[in-house]
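Participant: I am sharing start_2.cif, which consists of mmCIF, N, CA and C atoms:
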```
data_my_file
loop_
_atom_site.label_atom_id
_atom_site.label_comp_id
_atom_site.auth_asym_id
_atom_site.auth_seq_id
_atom_site.Cartn_x
_atom_site.Cartn_y
_atom_site.Cartn_z
N MET E 1 87.20 -74.05 40.84
CA MET E 1 86.70 -72.89 40.14
C MET E 1 85.89 -73.36 38.93
N PRO E 2 84.69 -72.82 38.71
CA PRO E 2 83.88 -73.24 37.57
C PRO E 2 84.53 -72.83 36.25
N SER E 3 84.28 -73.61 35.23
CA SER E 3 84.82 -73.32 33.90
C SER E 3 84.09 -72.12 33.30
N LEU E 4 84.83 -71.29 32.59
CA LEU E 4 84.23 -70.13 31.92
C LEU E 4 83.73 -70.49 30.54
N SER E 5 84.03 -71.71 30.07
CA SER E 5 83.61 -72.17 28.76
C SER E 5 82.83 -73.46 28.90
N GLY E 6 82.05 -73.76 27.88
CA GLY E 6 81.29 -74.99 27.89
C GLY E 6 80.69 -75.27 26.54
N SER E 7 79.77 -76.21 26.50
CA SER E 7 79.10 -76.62 25.27
C SER E 7 77.60 -76.53 25.47
N LEU E 8 76.92 -76.04 24.45
CA LEU E 8 75.48 -75.87 24.49
C LEU E 8 74.90 -76.48 23.22
N ARG E 9 73.94 -77.40 23.36
CA ARG E 9 73.32 -78.05 22.20
C ARG E 9 71.95 -77.45 21.96
N LEU E 10 71.66 -77.15 20.69
CA LEU E 10 70.38 -76.60 20.27
C LEU E 10 69.90 -77.40 19.07
N SER E 11 68.57 -77.48 18.88
CA SER E 11 68.04 -78.18 17.72
C SER E 11 66.69 -77.60 17.34
N ALA E 12 66.29 -77.93 16.13
CA ALA E 12 64.97 -77.54 15.64
C ALA E 12 64.47 -78.62 14.69
N ASP E 13 63.18 -78.93 14.78
CA ASP E 13 62.55 -79.91 13.90
C ASP E 13 61.71 -79.19 12.86
N GLY E 14 61.69 -79.77 11.65
CA GLY E 14 60.90 -79.17 10.59
C GLY E 14 60.48 -80.19 9.55
N VAL E 15 59.73 -79.74 8.57
CA VAL E 15 59.14 -80.62 7.57
C VAL E 15 60.05 -80.91 6.38
N LEU E 16 61.12 -80.16 6.21
CA LEU E 16 61.99 -80.40 5.06
C LEU E 16 62.69 -81.75 5.17
N ASP E 17 62.87 -82.36 4.01
CA ASP E 17 63.58 -83.63 3.90
C ASP E 17 65.02 -83.46 4.41
N PRO E 18 65.56 -84.44 5.13
CA PRO E 18 66.92 -84.32 5.66
C PRO E 18 67.98 -84.03 4.60
N ASP E 19 67.83 -84.59 3.39
CA ASP E 19 68.81 -84.32 2.35
C ASP E 19 68.77 -82.86 1.90
N ALA E 20 67.57 -82.29 1.85
CA ALA E 20 67.44 -80.87 1.49
C ALA E 20 68.07 -79.99 2.57
N VAL E 21 67.83 -80.34 3.83
CA VAL E 21 68.42 -79.57 4.92
C VAL E 21 69.94 -79.70 4.89
N TRP E 22 70.44 -80.90 4.65
CA TRP E 22 71.88 -81.12 4.58
C TRP E 22 72.51 -80.25 3.48
N SER E 23 71.86 -80.17 2.33
CA SER E 23 72.38 -79.32 1.25
C SER E 23 72.43 -77.86 1.68
N ARG E 24 71.39 -77.39 2.33
CA ARG E 24 71.37 -75.99 2.79
C ARG E 24 72.46 -75.74 3.83
N TYR E 25 72.71 -76.74 4.67
CA TYR E 25 73.71 -76.63 5.74
C TYR E 25 75.14 -76.62 5.19
N THR E 26 75.38 -77.35 4.11
CA THR E 26 76.76 -77.56 3.65
C THR E 26 77.14 -76.73 2.42
N GLU E 27 76.26 -75.87 1.97
CA GLU E 27 76.57 -74.99 0.85
C GLU E 27 76.66 -73.55 1.36
N PRO E 28 77.88 -73.06 1.61
CA PRO E 28 78.04 -71.73 2.22
C PRO E 28 77.34 -70.59 1.48
N ALA E 29 77.20 -70.69 0.17
CA ALA E 29 76.52 -69.63 -0.57
C ALA E 29 75.05 -69.50 -0.14
N ARG E 30 74.50 -70.54 0.48
CA ARG E 30 73.10 -70.53 0.90
C ARG E 30 72.92 -70.17 2.38
N TRP E 31 73.98 -70.05 3.13
CA TRP E 31 73.87 -69.83 4.58
C TRP E 31 73.02 -68.61 4.92
N SER E 32 73.21 -67.51 4.22
CA SER E 32 72.48 -66.29 4.59
C SER E 32 70.99 -66.39 4.29
N THR E 33 70.55 -67.39 3.51
CA THR E 33 69.12 -67.54 3.24
C THR E 33 68.36 -68.08 4.45
N TRP E 34 69.03 -68.82 5.30
CA TRP E 34 68.37 -69.35 6.50
C TRP E 34 69.00 -68.82 7.79
N ALA E 35 70.18 -68.24 7.70
CA ALA E 35 70.86 -67.65 8.86
C ALA E 35 71.13 -66.18 8.55
N PRO E 36 70.10 -65.34 8.63
CA PRO E 36 70.25 -63.95 8.19
C PRO E 36 71.23 -63.12 9.02
N HIS E 37 71.70 -63.63 10.15
CA HIS E 37 72.74 -62.91 10.88
C HIS E 37 74.08 -63.03 10.17
N LEU E 38 74.18 -63.94 9.21
CA LEU E 38 75.37 -64.05 8.36
C LEU E 38 75.07 -63.30 7.07
N ARG E 39 75.75 -62.19 6.88
CA ARG E 39 75.46 -61.32 5.73
C ARG E 39 76.20 -61.73 4.46
N HIS E 40 77.41 -62.29 4.63
CA HIS E 40 78.22 -62.64 3.46
C HIS E 40 79.18 -63.76 3.84
N VAL E 41 79.42 -64.66 2.89
CA VAL E 41 80.37 -65.75 3.10
C VAL E 41 81.36 -65.75 1.95
N ASP E 42 82.65 -65.75 2.29
CA ASP E 42 83.71 -65.93 1.30
C ASP E 42 84.27 -67.34 1.51
N TYR E 43 84.05 -68.20 0.52
CA TYR E 43 84.49 -69.58 0.64
C TYR E 43 84.79 -70.11 -0.77
N PRO E 44 85.89 -70.85 -0.96
CA PRO E 44 86.31 -71.21 -2.31
C PRO E 44 85.58 -72.38 -2.96
N HIS E 45 84.72 -73.09 -2.24
CA HIS E 45 84.07 -74.28 -2.80
C HIS E 45 82.56 -74.17 -2.68
N ARG E 46 81.85 -74.91 -3.54
CA ARG E 46 80.39 -74.92 -3.48
C ARG E 46 79.90 -75.62 -2.23
N VAL E 47 80.53 -76.73 -1.86
CA VAL E 47 80.16 -77.53 -0.69
C VAL E 47 81.35 -77.56 0.26
N ILE E 48 81.09 -77.50 1.56
CA ILE E 48 82.18 -77.49 2.53
C ILE E 48 83.04 -78.74 2.42
N GLU E 49 84.35 -78.54 2.61
CA GLU E 49 85.32 -79.62 2.57
C GLU E 49 86.23 -79.49 3.78
N PRO E 50 86.56 -80.62 4.41
CA PRO E 50 87.44 -80.55 5.59
C PRO E 50 88.81 -79.97 5.23
N GLY E 51 89.35 -79.19 6.17
CA GLY E 51 90.67 -78.61 5.98
C GLY E 51 90.69 -77.33 5.16
N THR E 52 89.52 -76.79 4.83
CA THR E 52 89.46 -75.57 4.04
C THR E 52 89.08 -74.38 4.93
N ASN E 53 89.34 -73.19 4.42
CA ASN E 53 89.14 -71.96 5.20
C ASN E 53 88.23 -70.99 4.46
N GLY E 54 87.61 -70.10 5.21
CA GLY E 54 86.77 -69.07 4.64
C GLY E 54 86.57 -67.94 5.63
N ARG E 55 85.68 -67.02 5.25
CA ARG E 55 85.34 -65.87 6.11
C ARG E 55 83.84 -65.64 6.05
N VAL E 56 83.27 -65.32 7.20
CA VAL E 56 81.86 -64.91 7.24
C VAL E 56 81.80 -63.49 7.79
N THR E 57 80.88 -62.72 7.22
CA THR E 57 80.62 -61.38 7.73
C THR E 57 79.23 -61.39 8.32
N GLY E 58 79.14 -60.99 9.57
CA GLY E 58 77.87 -60.99 10.27
C GLY E 58 77.27 -59.61 10.38
N VAL E 59 76.20 -59.54 11.14
CA VAL E 59 75.52 -58.28 11.41
C VAL E 59 76.53 -57.30 12.00
N GLY E 60 76.44 -56.06 11.57
CA GLY E 60 77.33 -55.03 12.08
C GLY E 60 78.73 -55.08 11.49
N GLY E 61 78.92 -55.92 10.47
CA GLY E 61 80.22 -56.00 9.82
C GLY E 61 81.26 -56.83 10.55
N VAL E 62 80.84 -57.57 11.57
CA VAL E 62 81.78 -58.43 12.30
C VAL E 62 82.24 -59.55 11.38
N VAL E 63 83.55 -59.69 11.24
CA VAL E 63 84.14 -60.72 10.37
C VAL E 63 84.77 -61.80 11.22
N ALA E 64 84.49 -63.04 10.86
CA ALA E 64 85.14 -64.19 11.50
C ALA E 64 85.76 -65.05 10.42
N VAL E 65 86.97 -65.50 10.66
CA VAL E 65 87.59 -66.47 9.77
C VAL E 65 87.24 -67.85 10.30
N PHE E 66 87.14 -68.81 9.40
CA PHE E 66 86.78 -70.15 9.85
C PHE E 66 87.57 -71.21 9.12
N ARG E 67 87.61 -72.37 9.74
CA ARG E 67 88.20 -73.56 9.15
C ARG E 67 87.20 -74.70 9.32
N VAL E 68 86.92 -75.39 8.22
CA VAL E 68 86.07 -76.57 8.28
C VAL E 68 86.94 -77.71 8.79
N ASP E 69 86.60 -78.23 9.96
CA ASP E 69 87.43 -79.25 10.61
C ASP E 69 87.09 -80.67 10.16
N ALA E 70 85.82 -80.96 9.96
CA ALA E 70 85.40 -82.32 9.59
C ALA E 70 84.07 -82.27 8.88
N VAL E 71 83.87 -83.19 7.95
CA VAL E 71 82.60 -83.34 7.24
C VAL E 71 82.37 -84.84 7.04
N ASP E 72 81.18 -85.31 7.41
CA ASP E 72 80.79 -86.70 7.16
C ASP E 72 79.43 -86.66 6.47
N HIS E 73 79.47 -86.75 5.13
CA HIS E 73 78.22 -86.63 4.36
C HIS E 73 77.26 -87.78 4.66
N ASP E 74 77.78 -88.98 4.91
CA ASP E 74 76.90 -90.12 5.19
C ASP E 74 76.17 -89.94 6.52
N ALA E 75 76.86 -89.46 7.53
CA ALA E 75 76.25 -89.25 8.84
C ALA E 75 75.55 -87.89 8.94
N ARG E 76 75.74 -87.05 7.92
CA ARG E 76 75.21 -85.68 7.89
C ARG E 76 75.68 -84.88 9.11
N THR E 77 76.99 -84.88 9.34
CA THR E 77 77.57 -84.08 10.42
C THR E 77 78.77 -83.31 9.88
N TRP E 78 79.02 -82.15 10.48
CA TRP E 78 80.22 -81.39 10.15
C TRP E 78 80.58 -80.48 11.31
N SER E 79 81.84 -80.08 11.34
CA SER E 79 82.36 -79.22 12.40
C SER E 79 83.23 -78.13 11.80
N TRP E 80 83.24 -76.99 12.49
CA TRP E 80 84.13 -75.91 12.07
C TRP E 80 84.56 -75.12 13.29
N SER E 81 85.66 -74.39 13.11
CA SER E 81 86.21 -73.52 14.15
C SER E 81 86.24 -72.11 13.59
N THR E 82 85.83 -71.13 14.41
CA THR E 82 85.81 -69.74 13.97
C THR E 82 86.66 -68.89 14.90
N ARG E 83 87.10 -67.77 14.34
CA ARG E 83 87.91 -66.85 15.14
C ARG E 83 87.62 -65.43 14.68
N THR E 84 87.37 -64.56 15.65
CA THR E 84 87.28 -63.13 15.40
C THR E 84 88.02 -62.45 16.53
N GLY E 85 89.10 -61.78 16.20
CA GLY E 85 89.96 -61.21 17.24
C GLY E 85 90.44 -62.32 18.15
N PRO E 86 90.38 -62.11 19.46
CA PRO E 86 90.85 -63.15 20.38
C PRO E 86 89.80 -64.25 20.66
N LEU E 87 88.56 -64.05 20.19
CA LEU E 87 87.50 -65.01 20.47
C LEU E 87 87.55 -66.19 19.51
N ARG E 88 87.57 -67.38 20.08
CA ARG E 88 87.53 -68.61 19.31
C ARG E 88 86.32 -69.42 19.73
N VAL E 89 85.55 -69.85 18.73
CA VAL E 89 84.33 -70.62 18.97
C VAL E 89 84.32 -71.77 17.97
N SER E 90 83.92 -72.94 18.41
CA SER E 90 83.78 -74.06 17.48
C SER E 90 82.36 -74.60 17.55
N PHE E 91 81.96 -75.23 16.47
CA PHE E 91 80.60 -75.72 16.32
C PHE E 91 80.62 -77.12 15.73
N ASP E 92 79.73 -77.96 16.22
CA ASP E 92 79.42 -79.25 15.60
C ASP E 92 78.00 -79.13 15.09
N HIS E 93 77.77 -79.60 13.86
CA HIS E 93 76.45 -79.49 13.23
C HIS E 93 75.99 -80.85 12.74
N GLY E 94 74.70 -81.02 12.63
CA GLY E 94 74.19 -82.26 12.08
C GLY E 94 72.73 -82.16 11.68
N VAL E 95 72.32 -83.15 10.90
CA VAL E 95 70.93 -83.27 10.45
C VAL E 95 70.51 -84.71 10.67
N ASP E 96 69.38 -84.89 11.35
CA ASP E 96 68.83 -86.22 11.60
C ASP E 96 67.49 -86.36 10.89
N ASP E 97 67.20 -87.57 10.46
CA ASP E 97 65.91 -87.92 9.89
C ASP E 97 64.94 -88.18 11.04
N VAL E 98 63.85 -87.44 11.08
CA VAL E 98 62.84 -87.64 12.12
C VAL E 98 61.48 -87.87 11.47
N GLY E 99 61.30 -89.04 10.88
CA GLY E 99 60.04 -89.45 10.29
C GLY E 99 59.15 -88.33 9.79
N GLY E 100 59.19 -88.07 8.52
CA GLY E 100 58.36 -87.03 7.94
C GLY E 100 59.01 -85.66 7.95
N GLY E 101 60.26 -85.59 8.32
CA GLY E 101 60.97 -84.31 8.35
C GLY E 101 62.39 -84.49 8.82
N SER E 102 62.90 -83.45 9.43
CA SER E 102 64.30 -83.46 9.83
C SER E 102 64.50 -82.71 11.14
N ARG E 103 65.62 -82.98 11.74
CA ARG E 103 66.06 -82.23 12.93
C ARG E 103 67.47 -81.72 12.60
N ALA E 104 67.62 -80.42 12.63
CA ALA E 104 68.95 -79.81 12.49
C ALA E 104 69.42 -79.45 13.89
N TRP E 105 70.68 -79.71 14.16
CA TRP E 105 71.20 -79.43 15.50
C TRP E 105 72.60 -78.83 15.40
N LEU E 106 72.97 -78.20 16.49
CA LEU E 106 74.33 -77.69 16.61
C LEU E 106 74.74 -77.75 18.06
N VAL E 107 76.03 -77.90 18.25
CA VAL E 107 76.64 -77.79 19.57
C VAL E 107 77.66 -76.67 19.46
N VAL E 108 77.50 -75.65 20.26
CA VAL E 108 78.44 -74.54 20.27
C VAL E 108 79.38 -74.72 21.46
N HIS E 109 80.67 -74.62 21.19
CA HIS E 109 81.71 -74.72 22.22
C HIS E 109 82.33 -73.34 22.34
N ALA E 110 82.07 -72.67 23.47
CA ALA E 110 82.47 -71.26 23.58
C ALA E 110 82.46 -70.84 25.04
N PRO E 111 82.98 -69.65 25.32
CA PRO E 111 82.78 -69.10 26.67
C PRO E 111 81.28 -69.00 26.93
N TRP E 112 80.85 -69.31 28.15
CA TRP E 112 79.42 -69.34 28.47
C TRP E 112 78.66 -68.09 28.05
N PRO E 113 79.15 -66.87 28.29
CA PRO E 113 78.37 -65.70 27.86
C PRO E 113 78.13 -65.67 26.35
N VAL E 114 79.11 -66.13 25.58
CA VAL E 114 78.95 -66.17 24.12
C VAL E 114 77.95 -67.24 23.73
N ALA E 115 78.09 -68.44 24.28
CA ALA E 115 77.19 -69.55 23.95
C ALA E 115 75.74 -69.20 24.28
N VAL E 116 75.51 -68.67 25.47
CA VAL E 116 74.16 -68.33 25.90
C VAL E 116 73.61 -67.15 25.09
N GLY E 117 74.44 -66.17 24.81
CA GLY E 117 74.00 -65.03 24.01
C GLY E 117 73.68 -65.39 22.57
N TYR E 118 74.40 -66.37 22.03
CA TYR E 118 74.19 -66.81 20.65
C TYR E 118 72.97 -67.74 20.52
N ALA E 119 72.55 -68.36 21.59
CA ALA E 119 71.51 -69.38 21.54
C ALA E 119 70.21 -68.92 20.85
N PRO E 120 69.64 -67.75 21.17
CA PRO E 120 68.39 -67.36 20.50
C PRO E 120 68.56 -67.17 18.99
N VAL E 121 69.68 -66.61 18.59
CA VAL E 121 69.96 -66.41 17.17
C VAL E 121 70.11 -67.76 16.48
N ALA E 122 70.86 -68.66 17.11
CA ALA E 122 71.09 -69.98 16.53
C ALA E 122 69.78 -70.76 16.41
N ARG E 123 68.96 -70.72 17.44
CA ARG E 123 67.69 -71.45 17.40
C ARG E 123 66.80 -70.92 16.27
N TRP E 124 66.75 -69.61 16.12
CA TRP E 124 65.96 -68.99 15.03
C TRP E 124 66.49 -69.46 13.68
N ALA E 125 67.81 -69.46 13.51
CA ALA E 125 68.39 -69.90 12.24
C ALA E 125 68.09 -71.39 11.98
N LEU E 126 68.20 -72.23 13.00
CA LEU E 126 67.90 -73.65 12.82
C LEU E 126 66.45 -73.86 12.41
N GLU E 127 65.54 -73.10 13.01
CA GLU E 127 64.13 -73.20 12.62
C GLU E 127 63.92 -72.83 11.17
N ARG E 128 64.62 -71.83 10.70
CA ARG E 128 64.54 -71.42 9.30
C ARG E 128 65.17 -72.47 8.38
N LEU E 129 66.22 -73.14 8.87
CA LEU E 129 66.92 -74.15 8.09
C LEU E 129 66.02 -75.34 7.76
N VAL E 130 65.17 -75.76 8.68
CA VAL E 130 64.37 -76.99 8.50
C VAL E 130 62.98 -76.74 7.94
N THR E 131 62.67 -75.49 7.60
CA THR E 131 61.35 -75.19 7.03
C THR E 131 61.52 -74.56 5.66
N PRO E 132 60.53 -74.76 4.78
CA PRO E 132 60.64 -74.20 3.41
C PRO E 132 60.63 -72.68 3.41
#
```
Taking this structure as input, can you express it in the form of structure tokens?

Facilitator:
Amino acid sequence: MPSLSGSLRLSADGVLDPDAVWSRYTEPARWSTWAPHLRHVDYPHRVIEPGTNGRVTGVGGVVAVFRVDAVDHDARTWSWSTRTGPLRVSFDHGVDDVGGGSRAWLVVHAPWPVAVGYAPVARWALERLVTP
């Protein structure tokens, strides 16, 4: 029987310096500036820290609680797990240096309908993340 869940990787390249993109990615107060589907973030720290929790409110008032699972500032990667009702989704994120700019990427681990449905929104947000 085929699996109902899987992983989907998305990325976007842009002109912003990788360190600038990393700052935008790891400062929850800035998330809604490049990911407008996230309307509000409640998080106790300026920069994400592993083992900490928060809440995001999305379009339509959908609230998800999250836990930051891992952060590697040197490698510019981080992971988190989210939950809204019975739905659980996890994400791996990263920023790569691509000569003259950056590549922001994410891997979403979710039921296939959720991963595929989220892909256009995620790609749009990633494009906004790597451009001024």

Participant: Have a look at E:Ile48, E:Val21, E:Ala119, E:Leu4 and name the one nearest to Val71 (chain E); count all atoms listed in the file.

Facilitator: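 Closest candidate: E:Ile48.
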
Participant: Using backbone DSSP assignments, extract all strand (DSSP E) residues from region 17-65 of chain E; output them as JSON, numbers by chain.

Facilitator: {"E": [38, 39, 40, 41, 42, 53, 54, 55, 56, 57, 58, 63, 64, 65]}

Participant: Generate the output file for the selected residues, N, CA and C atoms, as a PDB file, keeping the file's coordinate frame.

Facilitator:
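Here's the written file selection_19.pdb:
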```pdb
ATOM      1  N   LEU E  38      74.180 -63.940   9.210  1.00  0.00           N
ATOM      2  CA  LEU E  38      75.370 -64.050   8.360  1.00  0.00           C
ATOM      3  C   LEU E  38      75.070 -63.300   7.070  1.00  0.00           C
ATOM      4  N   ARG E  39      75.750 -62.190   6.880  1.00  0.00           N
ATOM      5  CA  ARG E  39      75.460 -61.320   5.730  1.00  0.00           C
ATOM      6  C   ARG E  39      76.200 -61.730   4.460  1.00  0.00           C
ATOM      7  N   HIS E  40      77.410 -62.290   4.630  1.00  0.00           N
ATOM      8  CA  HIS E  40      78.220 -62.640   3.460  1.00  0.00           C
ATOM      9  C   HIS E  40      79.180 -63.760   3.840  1.00  0.00           C
ATOM     10  N   VAL E  41      79.420 -64.660   2.890  1.00  0.00           N
ATOM     11  CA  VAL E  41      80.370 -65.750   3.100  1.00  0.00           C
ATOM     12  C   VAL E  41      81.360 -65.750   1.950  1.00  0.00           C
ATOM     13  N   ASP E  42      82.650 -65.750   2.290  1.00  0.00           N
ATOM     14  CA  ASP E  42      83.710 -65.930   1.300  1.00  0.00           C
ATOM     15  C   ASP E  42      84.270 -67.340   1.510  1.00  0.00           C
ATOM     16  N   ASN E  53      89.340 -73.190   4.420  1.00  0.00           N
ATOM     17  CA  ASN E  53      89.140 -71.960   5.200  1.00  0.00           C
ATOM     18  C   ASN E  53      88.230 -70.990   4.460  1.00  0.00           C
ATOM     19  N   GLY E  54      87.610 -70.100   5.210  1.00  0.00           N
ATOM     20  CA  GLY E  54      86.770 -69.070   4.640  1.00  0.00           C
ATOM     21  C   GLY E  54      86.570 -67.940   5.630  1.00  0.00           C
ATOM     22  N   ARG E  55      85.680 -67.020   5.250  1.00  0.00           N
ATOM     23  CA  ARG E  55      85.340 -65.870   6.110  1.00  0.00           C
ATOM     24  C   ARG E  55      83.840 -65.640   6.050  1.00  0.00           C
ATOM     25  N   VAL E  56      83.270 -65.320   7.200  1.00  0.00           N
ATOM     26  CA  VAL E  56      81.860 -64.910   7.240  1.00  0.00           C
ATOM     27  C   VAL E  56      81.800 -63.490   7.790  1.00  0.00           C
ATOM     28  N   THR E  57      80.880 -62.720   7.220  1.00  0.00           N
ATOM     29  CA  THR E  57      80.620 -61.380   7.730  1.00  0.00           C
ATOM     30  C   THR E  57      79.230 -61.390   8.320  1.00  0.00           C
ATOM     31  N   GLY E  58      79.140 -60.990   9.570  1.00  0.00           N
ATOM     32  CA  GLY E  58      77.870 -60.990  10.270  1.00  0.00           C
ATOM     33  C   GLY E  58      77.270 -59.610  10.380  1.00  0.00           C
ATOM     34  N   VAL E  63      83.550 -59.690  11.240  1.00  0.00           N
ATOM     35  CA  VAL E  63      84.140 -60.720  10.370  1.00  0.00           C
ATOM     36  C   VAL E  63      84.770 -61.800  11.220  1.00  0.00           C
ATOM     37  N   ALA E  64      84.490 -63.040  10.860  1.00  0.00           N
ATOM     38  CA  ALA E  64      85.140 -64.190  11.500  1.00  0.00           C
ATOM     39  C   ALA E  64      85.760 -65.050  10.420  1.00  0.00           C
ATOM     40  N   VAL E  65      86.970 -65.500  10.660  1.00  0.00           N
ATOM     41  CA  VAL E  65      87.590 -66.470   9.770  1.00  0.00           C
ATOM     42  C   VAL E  65      87.240 -67.850  10.300  1.00  0.00           C
TER      43      VAL E  65
END
```

Participant: Using only C-alpha atoms, which of the listed residues (E:Val47, E:Ala75, E:Ala104, E:Val65) sits closest to Ser23 (chain E)?

Facilitator: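 Checking each of E:Val47, E:Ala75, E:Ala104, E:Val65 against Ser23 (chain E), counting only C-alpha atoms, the winner is E:Val47.
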
Participant: Tell me which protein, DNA and RNA residues are within 8 Å of Asp42 (chain E), counting only C-alpha atoms, leaving out same-chain ones fewer than 2 positions away, and put them as JSON, numbers by chain.

Facilitator: {"E": [40, 44, 54, 55, 56]}

Participant: Suppose we keep N, CA and C atoms; can you now write the selection as a PDB file, in the frame of the given file?

Facilitator:
```pdb
ATOM      1  N   HIS E  40      77.410 -62.290   4.630  1.00  0.00           N
ATOM      2  CA  HIS E  40      78.220 -62.640   3.460  1.00  0.00           C
ATOM      3  C   HIS E  40      79.180 -63.760   3.840  1.00  0.00           C
ATOM      4  N   PRO E  44      85.890 -70.850  -0.960  1.00  0.00           N
ATOM      5  CA  PRO E  44      86.310 -71.210  -2.310  1.00  0.00           C
ATOM      6  C   PRO E  44      85.580 -72.380  -2.960  1.00  0.00           C
ATOM      7  N   GLY E  54      87.610 -70.100   5.210  1.00  0.00           N
ATOM      8  CA  GLY E  54      86.770 -69.070   4.640  1.00  0.00           C
ATOM      9  C   GLY E  54      86.570 -67.940   5.630  1.00  0.00           C
ATOM     10  N   ARG E  55      85.680 -67.020   5.250  1.00  0.00           N
ATOM     11  CA  ARG E  55      85.340 -65.870   6.110  1.00  0.00           C
ATOM     12  C   ARG E  55      83.840 -65.640   6.050  1.00  0.00           C
ATOM     13  N   VAL E  56      83.270 -65.320   7.200  1.00  0.00           N
ATOM     14  CA  VAL E  56      81.860 -64.910   7.240  1.00  0.00           C
ATOM     15  C   VAL E  56      81.800 -63.490   7.790  1.00  0.00           C
TER      16      VAL E  56
END
```

Participant: Using the chain letters and numbering of this document, enumerate as a ChimeraX atom specification the residues selected by the PyMOL selection byres ((chain E and resi 51) around 6.5).

Facilitator: /E:49-50,52-53,67-70

Participant: Which is closest to Val121 (chain E) among E:Arg76, E:Ala35, E:Ser7, E:Arg30, if we use only N, CA and C atoms?

Facilitator: E:Ala35
